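Colleague: Handing over run.cif, mmCIF, C-alpha atoms and all ligand atoms.
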data_model
loop_
_atom_site.label_atom_id
_atom_site.label_comp_id
_atom_site.auth_asym_id
_atom_site.auth_seq_id
_atom_site.Cartn_x
_atom_site.Cartn_y
_atom_site.Cartn_z
CA MET X 178 37.16 37.38 -50.54
CA THR X 179 34.68 34.57 -49.95
CA VAL X 180 31.03 35.42 -49.49
CA GLN X 181 29.39 33.18 -46.92
CA SER X 182 25.71 32.59 -47.46
CA VAL X 183 23.38 32.86 -44.50
CA PRO X 184 22.05 29.44 -43.49
CA SER X 185 18.32 29.17 -43.97
CA VAL X 186 15.36 26.88 -43.44
CA ARG X 187 11.90 26.75 -45.01
CA ILE X 188 8.93 26.80 -42.70
CA VAL X 189 5.81 25.06 -44.02
CA GLU X 190 2.90 26.69 -42.25
CA VAL X 191 0.14 24.11 -41.78
CA GLY X 192 -2.11 26.23 -39.55
CA PRO X 193 -5.01 26.72 -41.98
CA ARG X 194 -5.23 22.93 -42.54
CA ASP X 195 -3.77 20.85 -39.72
CA GLY X 196 -4.23 23.75 -37.31
CA LEU X 197 -7.97 24.03 -37.84
CA GLN X 198 -9.07 20.53 -38.89
CA ASN X 199 -9.68 19.22 -35.36
CA ILE X 200 -11.58 22.21 -33.97
CA ARG X 201 -15.20 21.30 -33.30
CA ASP X 202 -16.87 24.72 -33.43
CA SER X 203 -17.43 25.86 -36.96
CA ILE X 204 -14.98 28.59 -37.95
CA PRO X 205 -16.25 31.16 -40.47
CA THR X 206 -14.64 30.86 -43.89
CA ALA X 207 -13.78 34.58 -43.67
CA THR X 208 -11.67 33.88 -40.57
CA LYS X 209 -9.81 31.10 -42.38
CA LEU X 210 -9.13 33.42 -45.32
CA GLU X 211 -7.97 36.20 -43.04
CA LEU X 212 -5.63 33.71 -41.35
CA ILE X 213 -4.15 32.71 -44.72
CA ARG X 214 -3.80 36.36 -45.73
CA ARG X 215 -2.08 37.30 -42.49
CA LEU X 216 0.26 34.31 -42.64
CA GLU X 217 1.32 35.23 -46.14
CA SER X 218 1.98 38.81 -45.08
CA THR X 219 4.53 37.55 -42.52
CA GLY X 220 6.78 36.35 -45.35
CA LEU X 221 5.94 32.65 -45.05
CA SER X 222 6.47 31.18 -48.50
CA THR X 223 4.72 27.84 -47.97
CA ILE X 224 1.22 27.70 -46.52
CA GLU X 225 -0.99 24.61 -46.60
CA LEU X 226 -4.35 26.11 -47.46
CA THR X 227 -6.89 23.43 -46.58
CA SER X 228 -7.74 19.82 -47.34
CA VAL X 229 -10.21 18.39 -49.84
CA VAL X 230 -11.38 15.38 -47.87
CA SER X 231 -14.64 13.81 -46.86
CA SER X 232 -16.69 16.34 -44.90
CA ARG X 233 -17.82 13.48 -42.67
CA ALA X 234 -14.19 12.78 -41.73
CA ILE X 235 -13.26 16.45 -41.25
CA PRO X 236 -16.39 18.65 -40.94
CA GLN X 237 -14.34 21.76 -40.11
CA LEU X 238 -12.85 21.90 -43.61
CA ALA X 239 -16.08 21.20 -45.48
CA ASP X 240 -15.84 24.75 -46.84
CA CYS X 241 -12.63 23.90 -48.73
CA ARG X 242 -14.21 24.80 -52.08
CA ASP X 243 -15.18 28.25 -50.76
CA VAL X 244 -11.63 28.73 -49.53
CA LEU X 245 -10.15 27.65 -52.87
CA GLU X 246 -12.41 29.82 -54.97
CA SER X 247 -12.01 32.92 -52.79
CA SER X 248 -10.33 35.99 -54.22
CA VAL X 249 -7.77 35.84 -51.39
CA VAL X 250 -6.57 32.39 -52.45
CA LYS X 251 -6.78 33.21 -56.17
CA ARG X 252 -4.58 36.26 -55.59
CA LEU X 253 -2.03 34.18 -53.66
CA ILE X 254 -2.02 31.40 -56.26
CA SER X 255 -1.01 33.97 -58.87
CA LYS X 256 2.17 34.75 -56.90
CA SER X 257 4.73 32.40 -58.39
CA HIS X 258 7.12 32.43 -55.40
CA LEU X 259 4.54 30.87 -53.06
CA ARG X 260 3.93 27.19 -52.44
CA LEU X 261 0.30 26.63 -51.41
CA PRO X 262 -0.30 22.89 -51.04
CA VAL X 263 -3.75 21.43 -50.52
CA LEU X 264 -4.06 18.04 -48.81
CA VAL X 265 -5.90 15.45 -50.94
CA PRO X 266 -6.56 11.78 -50.14
CA ASN X 267 -7.82 10.52 -53.50
CA ILE X 268 -8.64 11.28 -57.13
CA LYS X 269 -11.85 13.03 -56.15
CA GLY X 270 -9.83 15.48 -54.04
CA LEU X 271 -7.34 15.94 -56.85
CA ASP X 272 -10.12 16.70 -59.37
CA ILE X 273 -11.45 19.43 -57.10
CA ALA X 274 -7.95 20.84 -56.62
CA ILE X 275 -7.40 20.86 -60.40
CA ARG X 276 -10.72 22.64 -60.94
CA HIS X 277 -9.47 25.39 -58.63
CA SER X 278 -6.12 25.78 -60.41
CA ILE X 279 -4.16 24.51 -57.43
CA LYS X 280 -0.45 24.19 -58.24
CA GLU X 281 0.55 21.88 -55.41
CA ILE X 282 -1.07 19.07 -53.49
CA ALA X 283 0.00 16.91 -50.56
CA VAL X 284 -0.71 13.19 -50.44
CA PHE X 285 -0.58 11.30 -47.16
CA VAL X 286 -0.06 7.75 -46.01
CA SER X 287 0.42 6.20 -42.62
CA ALA X 288 3.38 3.94 -41.80
CA THR X 289 1.01 1.94 -39.59
CA GLU X 290 -2.18 -0.02 -40.17
CA GLY X 291 -4.32 1.28 -37.29
CA PHE X 292 -4.05 4.95 -38.16
CA SER X 293 -4.35 4.23 -41.88
CA LYS X 294 -7.67 2.47 -41.34
CA ALA X 295 -9.00 5.16 -39.00
CA ASN X 296 -7.78 8.13 -41.01
CA ILE X 297 -8.28 7.13 -44.63
CA ASN X 298 -10.24 3.89 -44.33
CA CYS X 299 -7.76 1.61 -46.06
CA THR X 300 -4.64 -0.47 -45.44
CA VAL X 301 -1.13 0.97 -45.69
CA GLU X 302 -0.71 -0.88 -49.01
CA GLN X 303 -3.94 0.56 -50.41
CA GLY X 304 -2.99 4.01 -49.11
CA ILE X 305 0.33 3.87 -50.96
CA GLU X 306 -1.46 2.71 -54.10
CA ARG X 307 -3.90 5.63 -53.87
CA ALA X 308 -1.13 8.15 -53.21
CA ARG X 309 0.75 6.80 -56.24
CA ASP X 310 -2.31 7.18 -58.49
CA VAL X 311 -3.03 10.68 -57.24
CA ALA X 312 0.62 11.76 -57.58
CA SER X 313 0.87 10.35 -61.09
CA LEU X 314 -2.20 12.20 -62.30
CA ALA X 315 -1.19 15.40 -60.52
CA LEU X 316 2.26 15.39 -62.09
CA LYS X 317 0.69 14.91 -65.53
CA SER X 318 -1.35 18.05 -64.80
CA ASN X 319 1.81 19.97 -63.81
CA ILE X 320 0.89 19.96 -60.15
CA ALA X 321 3.73 19.54 -57.65
CA VAL X 322 3.27 16.80 -55.08
CA ARG X 323 4.40 16.76 -51.48
CA GLY X 324 4.07 13.63 -49.35
CA TYR X 325 3.39 12.90 -45.70
CA VAL X 326 4.15 9.76 -43.73
CA SER X 327 2.16 9.71 -40.48
CA CYS X 328 2.90 7.86 -37.25
CA ILE X 329 6.67 7.76 -37.70
CA PHE X 330 7.19 6.76 -34.06
CA ALA X 331 3.92 5.32 -32.85
CA ASP X 332 0.34 4.64 -33.82
CA PRO X 333 -2.57 5.37 -31.46
CA TYR X 334 -4.08 1.93 -32.15
CA THR X 335 -1.16 -0.38 -32.87
CA GLY X 336 1.76 0.99 -30.80
CA PRO X 337 5.40 1.62 -31.78
CA THR X 338 6.30 1.95 -35.46
CA PRO X 339 9.15 -0.14 -36.94
CA LEU X 340 11.82 1.97 -38.67
CA ALA X 341 11.47 -0.19 -41.78
CA ALA X 342 7.79 0.75 -42.11
CA VAL X 343 8.70 4.44 -42.27
CA LEU X 344 11.49 3.77 -44.77
CA ARG X 345 9.14 1.87 -47.02
CA CYS X 346 6.57 4.69 -47.12
CA VAL X 347 9.21 7.36 -47.69
CA LYS X 348 10.67 5.38 -50.59
CA GLU X 349 7.25 4.77 -52.11
CA LEU X 350 6.31 8.45 -51.94
CA LEU X 351 9.61 9.59 -53.45
CA ASP X 352 9.27 6.97 -56.20
CA ALA X 353 5.74 8.24 -56.82
CA GLY X 354 7.21 11.67 -57.61
CA CYS X 355 6.86 13.59 -54.35
CA TYR X 356 9.48 16.33 -54.36
CA GLU X 357 9.66 16.12 -50.56
CA VAL X 358 8.32 13.83 -47.85
CA SER X 359 7.32 15.19 -44.49
CA LEU X 360 7.87 12.87 -41.54
CA GLY X 361 4.83 13.12 -39.28
CA ASP X 362 5.12 12.41 -35.57
CA THR X 363 1.34 12.43 -35.46
CA LEU X 364 1.12 11.63 -31.75
CA GLY X 365 3.95 13.94 -30.73
CA VAL X 366 5.65 11.20 -28.72
CA GLY X 367 9.14 11.35 -30.24
CA SER X 368 12.13 12.99 -28.61
CA PRO X 369 15.55 13.93 -30.06
CA LEU X 370 17.03 10.44 -29.68
CA ASN X 371 14.15 9.00 -31.74
CA ILE X 372 14.70 11.67 -34.41
CA ARG X 373 18.40 10.92 -34.53
CA THR X 374 17.85 7.15 -34.80
CA LEU X 375 15.26 7.51 -37.56
CA LEU X 376 17.22 10.03 -39.64
CA ILE X 377 20.43 8.03 -39.46
CA TYR X 378 18.50 4.92 -40.45
CA LEU X 379 16.86 6.67 -43.42
CA LEU X 380 20.20 8.17 -44.53
CA ASN X 381 21.95 4.80 -44.28
CA ASN X 382 19.22 3.38 -46.47
CA GLY X 383 19.74 5.87 -49.26
CA ILE X 384 17.19 8.59 -48.43
CA PRO X 385 18.72 12.04 -48.99
CA LEU X 386 17.94 14.42 -46.13
CA GLU X 387 17.20 17.24 -48.54
CA LYS X 388 14.12 15.26 -49.62
CA LEU X 389 12.75 15.17 -46.07
CA ALA X 390 10.81 17.58 -43.89
CA GLY X 391 9.87 17.35 -40.22
CA HIS X 392 6.28 17.52 -38.98
CA PHE X 393 6.41 17.16 -35.24
CA HIS X 394 3.42 17.49 -32.95
CA ASP X 395 4.13 18.86 -29.49
CA THR X 396 2.19 16.56 -27.17
CA TYR X 397 5.17 15.91 -24.89
CA GLY X 398 6.79 19.33 -25.37
CA GLN X 399 9.53 17.88 -27.56
CA ALA X 400 8.72 19.50 -30.89
CA VAL X 401 11.24 22.35 -30.80
CA ALA X 402 13.99 20.04 -29.53
CA ASN X 403 13.12 17.57 -32.28
CA VAL X 404 13.31 20.26 -34.94
CA TRP X 405 16.74 21.34 -33.68
CA GLU X 406 17.95 17.75 -33.64
CA ALA X 407 16.73 17.22 -37.21
CA TYR X 408 18.34 20.52 -38.26
CA SER X 409 21.64 19.42 -36.81
CA HIS X 410 21.48 16.29 -38.99
CA GLY X 411 20.91 18.39 -42.11
CA MET X 412 17.13 18.70 -42.42
CA ARG X 413 16.10 22.13 -43.67
CA VAL X 414 12.30 22.07 -44.01
CA PHE X 415 9.94 22.06 -41.05
CA ASP X 416 6.17 22.04 -40.79
CA SER X 417 4.65 24.11 -38.03
CA SER X 418 1.51 25.90 -37.08
CA VAL X 419 0.94 29.41 -35.83
CA ALA X 420 0.00 29.44 -32.12
CA SER X 421 0.80 25.69 -32.15
CA LEU X 422 -2.67 24.93 -33.49
CA GLY X 423 -3.25 21.43 -34.73
CA GLY X 424 -4.28 17.87 -34.20
CA CYS X 425 -6.16 15.09 -35.89
CA PRO X 426 -9.53 13.63 -34.88
CA PHE X 427 -8.07 10.15 -35.47
CA ALA X 428 -5.13 10.68 -33.11
CA GLU X 429 -6.97 11.50 -29.92
CA GLY X 430 -4.98 13.32 -27.24
CA ALA X 431 -2.27 14.51 -29.62
CA LYS X 432 -1.50 18.20 -29.25
CA GLY X 433 -0.81 20.83 -31.89
CA ASN X 434 2.15 21.17 -34.19
CA ALA X 435 5.45 22.76 -33.34
CA ALA X 436 4.58 26.46 -33.03
CA SER X 437 5.75 28.51 -36.00
CA GLU X 438 6.66 31.41 -33.67
CA ASP X 439 8.87 29.10 -31.55
CA LEU X 440 10.70 27.79 -34.60
CA VAL X 441 11.25 31.23 -36.10
CA TYR X 442 12.45 32.55 -32.72
CA MET X 443 14.85 29.63 -32.32
CA PHE X 444 16.25 29.81 -35.85
CA HIS X 445 16.66 33.59 -35.84
CA ASN X 446 18.51 33.43 -32.52
CA ALA X 447 20.86 30.92 -34.13
CA GLY X 448 21.47 33.24 -37.10
CA ILE X 449 19.44 31.01 -39.42
CA SER X 450 17.14 32.79 -41.81
CA THR X 451 13.46 31.84 -42.21
CA GLY X 452 12.27 34.77 -44.32
CA VAL X 453 9.54 35.35 -41.75
CA ASP X 454 8.77 38.58 -39.88
CA LEU X 455 8.54 37.28 -36.32
CA SER X 456 6.59 40.20 -34.91
CA LYS X 457 3.91 39.87 -37.61
CA LEU X 458 3.76 36.14 -36.96
CA VAL X 459 3.33 36.76 -33.23
CA GLU X 460 0.48 39.20 -33.96
CA THR X 461 -1.13 36.58 -36.19
CA GLY X 462 -0.87 33.98 -33.41
CA VAL X 463 -2.48 36.36 -30.93
CA TRP X 464 -5.18 37.26 -33.44
CA ILE X 465 -6.16 33.69 -34.39
CA SER X 466 -6.14 32.59 -30.73
CA GLU X 467 -8.58 35.41 -29.97
CA GLN X 468 -10.75 34.53 -32.95
CA LEU X 469 -10.93 30.90 -31.86
CA SER X 470 -11.18 31.73 -28.13
CA ARG X 471 -8.26 29.40 -27.49
CA THR X 472 -5.12 29.71 -25.43
CA ASN X 473 -2.13 30.58 -27.57
CA SER X 474 0.17 27.57 -27.11
CA SER X 475 3.26 29.15 -28.64
CA ARG X 476 5.73 29.91 -25.83
CA ALA X 477 7.72 32.43 -27.86
CA GLY X 478 4.50 33.88 -29.25
CA THR X 479 2.94 34.55 -25.87
CA ALA X 480 6.19 35.82 -24.35
CA LEU X 481 6.78 38.26 -27.20
CA ALA X 482 3.14 39.31 -27.33
CA ALA X 483 3.15 40.13 -23.63
CA THR X 484 5.70 42.83 -24.24
CA SER X 485 4.46 44.04 -27.61
CA LYS X 486 2.66 47.29 -28.13
CA ALA X 487 0.27 45.55 -30.52
CA THR X 488 -1.15 43.45 -27.73
CA LEU X 489 -1.42 46.40 -25.36
CA ASN X 490 -3.33 48.33 -28.04
CA ALA X 491 -5.61 45.42 -28.77
CA LYS X 492 -6.42 44.96 -25.10
CA SER X 493 -6.95 48.62 -24.18
CA ARG X 494 -10.35 50.20 -24.63
CA PRO X 495 -10.62 52.56 -27.55
CA SER X 496 -10.36 56.24 -26.65
CA LYS X 497 -10.30 59.37 -28.78
CA ASN X 498 -6.52 59.01 -29.13
CA SER X 499 -6.26 55.30 -29.81
CA SER X 500 -6.53 53.64 -33.20
CA LEU X 501 -8.03 50.28 -34.01
CA PRO X 502 -6.68 47.79 -36.52
CA TRP X 503 -8.59 46.95 -39.67
CA ASN X 504 -9.30 43.27 -40.23
CA PHE X 505 -9.58 42.07 -43.77
CA VAL X 506 -12.98 40.48 -44.57
CA SER X 507 -13.25 39.96 -48.32
CA GLU X 508 -12.38 41.52 -51.63
CA THR X 509 -13.56 41.90 -55.18
CA GLU X 510 -11.42 42.97 -58.13
CA ARG X 511 -11.96 46.63 -57.33
CA ALA X 512 -12.47 46.83 -53.60
CA GLN X 513 -11.42 45.30 -50.34
CA LEU X 514 -13.73 45.15 -47.34
CA HIS X 515 -12.03 45.62 -43.98
CA ARG X 516 -13.80 45.62 -40.65
CA SER X 517 -12.95 47.28 -37.40
CA SER X 518 -15.04 47.49 -34.27
CA VAL X 519 -15.57 49.86 -31.38
CA ILE X 520 -17.40 49.61 -28.11
CA LEU X 521 -19.99 52.36 -27.70
CA ASN X 522 -19.79 53.50 -24.14
CA ARG X 523 -23.10 55.38 -23.90
CA PRO X 524 -25.36 53.58 -21.48
CA LYS X 525 -27.87 56.48 -21.27
CA SER X 526 -28.38 57.11 -24.98
CA GLY X 527 -27.84 53.53 -26.10
CA ASN X 528 -26.18 52.87 -29.44
CA VAL X 529 -28.02 55.61 -31.31
CA LEU X 530 -26.15 57.06 -34.28
CA THR X 531 -25.67 60.78 -33.81
CA ALA X 532 -23.33 63.29 -35.41
CA SER X 533 -20.97 63.21 -32.45
CA VAL X 534 -20.94 59.42 -32.44
CA ILE X 535 -19.99 59.43 -36.13
CA SER X 536 -17.21 61.88 -35.40
CA ASP X 537 -15.95 59.71 -32.52
CA LEU X 538 -16.07 56.58 -34.64
CA THR X 539 -14.11 58.05 -37.52
CA SER X 540 -11.46 59.34 -35.12
CA VAL X 541 -10.83 55.96 -33.49
CA VAL X 542 -10.93 53.88 -36.66
CA THR X 543 -7.81 54.65 -38.67
CA ASP X 544 -5.78 52.41 -40.82
CA GLY X 545 -2.75 52.68 -38.55
CA SER X 546 -0.24 53.59 -41.23
CA LYS X 547 1.13 57.12 -41.00
CA GLY X 548 -0.17 59.65 -43.45
CA SER X 549 -2.96 57.58 -44.93
CA GLN X 550 -6.41 57.33 -43.47
CA ARG X 551 -8.84 54.95 -45.09
CA GLN X 552 -12.22 56.27 -45.98
CA VAL X 553 -14.62 55.16 -43.28
CA LEU X 554 -18.03 54.05 -44.52
CA LEU X 555 -20.52 53.53 -41.73
CA TYR X 556 -23.40 51.15 -42.11
CA TRP X 557 -25.94 51.37 -39.32
CA ASP X 558 -28.97 49.17 -38.73
CA GLY X 559 -30.03 50.77 -35.45
CA PRO X 560 -32.28 53.77 -34.64
CA ARG X 561 -31.26 57.30 -35.61
CA LYS X 562 -31.77 60.39 -33.47
CA ARG X 563 -31.02 64.13 -33.67
CA GLU X 564 -28.74 65.40 -30.92
C1 LIG X 601 -10.10 9.10 -47.68
C2 LIG X 601 -11.58 9.11 -47.37
C3 LIG X 601 -12.32 9.98 -48.36
C4 LIG X 601 -12.07 7.69 -47.47
O1 LIG X 601 -13.37 7.58 -46.94
P1 LIG X 601 -14.36 6.44 -47.47
O2 LIG X 601 -15.59 6.54 -46.63
O3 LIG X 601 -13.66 5.16 -47.53
O4 LIG X 601 -14.53 6.97 -48.95
P2 LIG X 601 -15.71 6.98 -49.98
O5 LIG X 601 -15.07 7.05 -51.33
O6 LIG X 601 -16.68 5.87 -49.70
O7 LIG X 601 -16.43 8.36 -49.70
C5 LIG X 601 -17.18 8.65 -48.54
C6 LIG X 601 -17.80 10.02 -48.71
O8 LIG X 601 -16.79 11.01 -48.75
C7 LIG X 601 -16.88 11.71 -50.00
N1 LIG X 601 -15.51 11.98 -50.43
C8 LIG X 601 -14.57 11.06 -50.76
N2 LIG X 601 -13.47 11.67 -51.09
C9 LIG X 601 -13.68 12.99 -50.97
C10 LIG X 601 -12.88 14.12 -51.18
N3 LIG X 601 -11.61 14.03 -51.57
N4 LIG X 601 -13.41 15.33 -50.96
C11 LIG X 601 -14.68 15.46 -50.57
N5 LIG X 601 -15.49 14.40 -50.34
C12 LIG X 601 -14.98 13.18 -50.55
C13 LIG X 601 -17.60 10.80 -50.94
O9 LIG X 601 -18.18 11.54 -51.98
C14 LIG X 601 -18.58 10.17 -50.01
O10 LIG X 601 -19.63 11.12 -49.74
P3 LIG X 601 -21.16 10.62 -49.73
O11 LIG X 601 -21.43 10.15 -51.11
O12 LIG X 601 -21.19 9.52 -48.71
O13 LIG X 601 -21.90 11.87 -49.32
C15 LIG X 601 -11.84 9.62 -45.93
O14 LIG X 601 -11.41 8.68 -45.00
C16 LIG X 601 -11.15 10.93 -45.69
O15 LIG X 601 -11.52 11.93 -46.25
N6 LIG X 601 -10.13 10.94 -44.84
C17 LIG X 601 -9.33 12.14 -44.58
C18 LIG X 601 -9.12 12.27 -43.12
C19 LIG X 601 -8.26 13.46 -42.84
O16 LIG X 601 -8.31 14.46 -43.52
N7 LIG X 601 -7.47 13.36 -41.75
C20 LIG X 601 -6.64 14.43 -41.31
C21 LIG X 601 -5.49 14.67 -42.21
S1 LIG X 601 -4.14 13.52 -42.00
C22 LIG X 601 -3.21 14.21 -40.78
O17 LIG X 601 -3.66 15.10 -40.09
C23 LIG X 601 -1.81 13.75 -40.59
C24 LIG X 601 -0.81 14.73 -41.18
C25 LIG X 601 -0.91 14.77 -42.70
O18 LIG X 601 -1.03 16.05 -40.71
C26 LIG X 601 0.62 14.34 -40.81
C27 LIG X 601 0.78 13.93 -39.37
O19 LIG X 601 0.49 14.73 -38.45
O20 LIG X 601 1.19 12.80 -39.18
#
Represent the supplied structure as structure tokens.
Modeller:
Amino acid sequence: MTVQSVPSVRIVEVGPRDGLQNIRDSIPTATKLELIRRLESTGLSTIELTSVVSSRAIPQLADCRDVLESSVVKRLISKSHLRLPVLVPNIKGLDIAIRHSIKEIAVFVSATEGFSKANINCTVEQGIERARDVASLALKSNIAVRGYVSCIFADPYTGPTPLAAVLRCVKELLDAGCYEVSLGDTLGVGSPLNIRTLLIYLLNNGIPLEKLAGHFHDTYGQAVANVWEAYSHGMRVFDSSVASLGGCPFAEGAKGNAASEDLVYMFHNAGISTGVDLSKLVETGVWISEQLSRTNSSRAGTALAATSKATLNAKSRPSKNSSLPWNFVSETERAQLHRSSVILNRPKSGNVLTASVISDLTSVVTDGSKGSQRQVLLYWDGPRKRE
């Protein structure tokens, strides 16, 4: 009897980095950590945590050190089956990553001059040189290195990208020791025929497909089709972002990444394993979209959420019989802080803490898992009154 193995792909979740980097309003570090925690709980085995770049270039990720030294990230780093790359542009970024015991970094170059200058303030040649130096030092420190090539089809400043320019960058990054190079359609302009042409060209020029990953932005709605095209040529690693978050301040007008929910939905329907719990991923997409007050751009995510009980619960007002989810806030070695919230519907008495209010609160805030009820500690800053 022959045992046939289930085909599988690896999803590289870039939501906490690429997904958030272009959002103007400052996002609390706790929200970023909760996003990472939730993503990991879906079964995703590769999550790009943040980037250590100039805070002038990317103000949103200026809290990268707080993210990296958080107990959430430390706990995840200790799990040996996870890949948790951090994007770094230079030796300074690498030093910070090393100080935080990061086990994997991602270096990035552009195939084109315009984006290279705008994004990392140097020529393509200098960018390759920098990536080589960073990779060499990282490998000496036992840190795995992933590579990105941006603008594989077009550059926002200089137009279409020659195939040979992409090939050159891919070769350089593999020679520098990257275990995998992710092909970035930064502008999201490519469609399946472009993917096919590029992959055949790279293959014919000696680049093994198992060394490549796809990172396709969805500006023209082609990302899922592009992923499927790349899969059919043999690619097995795809970058994506929950709720299709994403974009780069130096690629104006580009939309988010391929939505992780859409990819997982597509692969599962084709009998291809991702290792990801789709319903948890959908909940995470709904949750982060609410946190950021943004429309959830995952088609599968919104369709599945519309029918899911989780969304109905989240949208309905709390009553004596309903339960609210706990959201993780922070943790120490001995305790985790979770937060839930209720709306006090007492216009006459205001939000005064009384015995019956306490009883109501403890009955609506449960941890949702059968048989176990977390201890509810109430902290109250407002006035107190006897009933
Ligand atoms: C590369 C630089 C630093 C050059 O920027 P520069 O101005 O040439 O560099 P510099 O060495 O003169 O430094 C300028 C300032 O940044 C600081 N700095 C310098 N390095 C770091 C660092 N590592 N971490 C923290 N701070 C840093 C440095 O200390 C200094 O601060 P100041 O003294 O003026 O206060 C800058 O251009 C930069 O950070 N660029 C990154 C931009 C970026 O993150 N873009 C988005 C990611 S790329 C992307 O999205 C595409 C991708 C990967 O997703 C794939 C795709 O979609 O195609």
Colleague: Could I get the residues of chain X with an atom no further than 8 Å from an atom of ligand LIG 601 (chain X), each paired with its nearest atom pair and that distance in Å to one decimal, using only C-alpha atoms and all ligand atoms, sorted by chain and residue number, as a tab-separated table?
Modeller:
residue	atom	partner	partner_atom	distance
X:Asp195	CA	X:LIG601	O18	5.6
X:Gln198	CA	X:LIG601	C20	7.0
X:Ser228	CA	X:LIG601	O16	6.6
X:Val229	CA	X:LIG601	N4	4.6
X:Val230	CA	X:LIG601	N4	3.7
X:Ser231	CA	X:LIG601	N5	3.6
X:Ser232	CA	X:LIG601	N5	5.9
X:Arg233	CA	X:LIG601	O8	6.6
X:Ala234	CA	X:LIG601	C18	5.3
X:Ile235	CA	X:LIG601	O16	5.8
X:Ala239	CA	X:LIG601	C11	7.8
X:Leu264	CA	X:LIG601	C21	7.5
X:Val265	CA	X:LIG601	N3	5.9
X:Pro266	CA	X:LIG601	C1	5.1
X:Asn267	CA	X:LIG601	N3	5.5
X:Ile268	CA	X:LIG601	N3	6.9
X:Lys269	CA	X:LIG601	N3	4.7
X:Gly270	CA	X:LIG601	N3	3.4
X:Leu271	CA	X:LIG601	N3	7.1
X:Ile273	CA	X:LIG601	N4	7.6
X:Val284	CA	X:LIG601	C25	7.9
X:Phe285	CA	X:LIG601	C25	5.7
X:Val286	CA	X:LIG601	C25	7.8
X:Ser287	CA	X:LIG601	O20	7.5
X:Ala295	CA	X:LIG601	O14	7.4
X:Asn296	CA	X:LIG601	C18	4.8
X:Ile297	CA	X:LIG601	O14	3.5
X:Asn298	CA	X:LIG601	O3	4.9
X:Cys299	CA	X:LIG601	O3	7.0
X:Tyr325	CA	X:LIG601	C25	5.6
X:Val326	CA	X:LIG601	O20	6.2
X:Ser327	CA	X:LIG601	O20	3.5
X:Cys328	CA	X:LIG601	O20	5.6
X:Ile329	CA	X:LIG601	O20	7.6
X:Ser359	CA	X:LIG601	C26	7.7
X:Leu360	CA	X:LIG601	O20	7.1
X:Gly361	CA	X:LIG601	O20	3.7
X:Asp362	CA	X:LIG601	O20	5.4
X:Thr363	CA	X:LIG601	O20	3.7
X:Leu364	CA	X:LIG601	O19	7.4
X:His392	CA	X:LIG601	O19	6.4
X:Phe393	CA	X:LIG601	O19	7.2
X:His394	CA	X:LIG601	O19	6.8
X:Gly424	CA	X:LIG601	O17	6.5
X:Cys425	CA	X:LIG601	O17	4.9
X:Pro426	CA	X:LIG601	C20	7.1
X:Phe427	CA	X:LIG601	N7	7.1
X:Asn434	CA	X:LIG601	O19	7.9
Colleague: Smallest atom-to-atom distance to X:Val191: which of X:Lys457, X:Arg345, X:Lys388, X:Arg260, using all atoms listed in the file?
Modeller: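 Looking only at the distances to X:Val191, the closest residue turns out to be X:Arg260.
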Colleague: Give the answer as one residue: which of X:Leu481, X:Ser203, X:Ser466, X:Arg187 has the shortest atom-to-atom distance to X:Leu221, using all atoms listed in the file?
Modeller: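 Counting all atoms listed in the file, the residue closest to X:Leu221 is X:Arg187.
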Colleague: Report as a PyMOL selection string all protein, DNA and RNA residues lying within 12 Å of X:Thr472, evaluated on all atoms listed in the file, omitting residues in the same chain fewer than 3 positions from it.
Modeller: chain X and resi 420-422+433+462-469+475-476+478-479
Colleague: Atom CA of X:Glu429 and atom CA of X:Gly398 are how many Å apart?
Modeller: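 These atoms are spaced 16.5 Å apart.
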Colleague: In terms of the shortest atom-to-atom distance over only C-alpha atoms, which of X:Asp454, X:Asp202, X:Asp272, X:Glu406 is closest to X:Ala315?
Modeller: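 Selected residue with least distance to X:Ala315: X:Asp272.
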Colleague: Please provide the set of residues having any atom within 9 Å of X:Ile224, restricted to all atoms listed in the file, with same-chain residues fewer than 4 positions apart removed, written as an NGL selection string.
Modeller: :X and (188-194 or 213 or 216-217 or 259-263)
Colleague: Point out the residue among X:Ser485, X:Ser409, X:Asn319, X:Thr227 with the least atom-to-atom distance to X:Phe444, counting only C-alpha atoms.
Modeller: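 Smallest distance to X:Phe444 is found for X:Ser409.
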Colleague: Counting only C-alpha atoms, write as an mmCIF file with C-alpha atoms, in the coordinates of the input all protein and nucleic acid residues lying at most 6 Å from (3.8, 27.7, -37.7) in the file's frame.
Modeller:
data_model
loop_
_atom_site.group_PDB
_atom_site.id
_atom_site.type_symbol
_atom_site.label_atom_id
_atom_site.label_comp_id
_atom_site.auth_asym_id
_atom_site.auth_seq_id
_atom_site.Cartn_x
_atom_site.Cartn_y
_atom_site.Cartn_z
ATOM 1 C CA GLU X 190 2.900 26.690 -42.250
ATOM 2 C CA SER X 417 4.650 24.110 -38.030
ATOM 3 C CA SER X 418 1.510 25.900 -37.080
ATOM 4 C CA VAL X 419 0.940 29.410 -35.830
ATOM 5 C CA ALA X 436 4.580 26.460 -33.030
ATOM 6 C CA SER X 437 5.750 28.510 -36.000
#
Colleague: Between atom CA of X:Ser257 and atom CA of X:Ala312, what is the spacing in Å?
Modeller: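 These atoms are spaced 21.1 Å apart.
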Colleague: Determine, counting only C-alpha atoms, which protein, DNA and RNA residues have an atom within 7 Å of an atom of X:Asp332; residues of the same chain fewer than 5 positions away are not included. Present the result as a list in words.
Modeller: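 Listed by chain and then number, they are Thr289, Gly291, Phe292, Pro337 and Thr338 of chain X.
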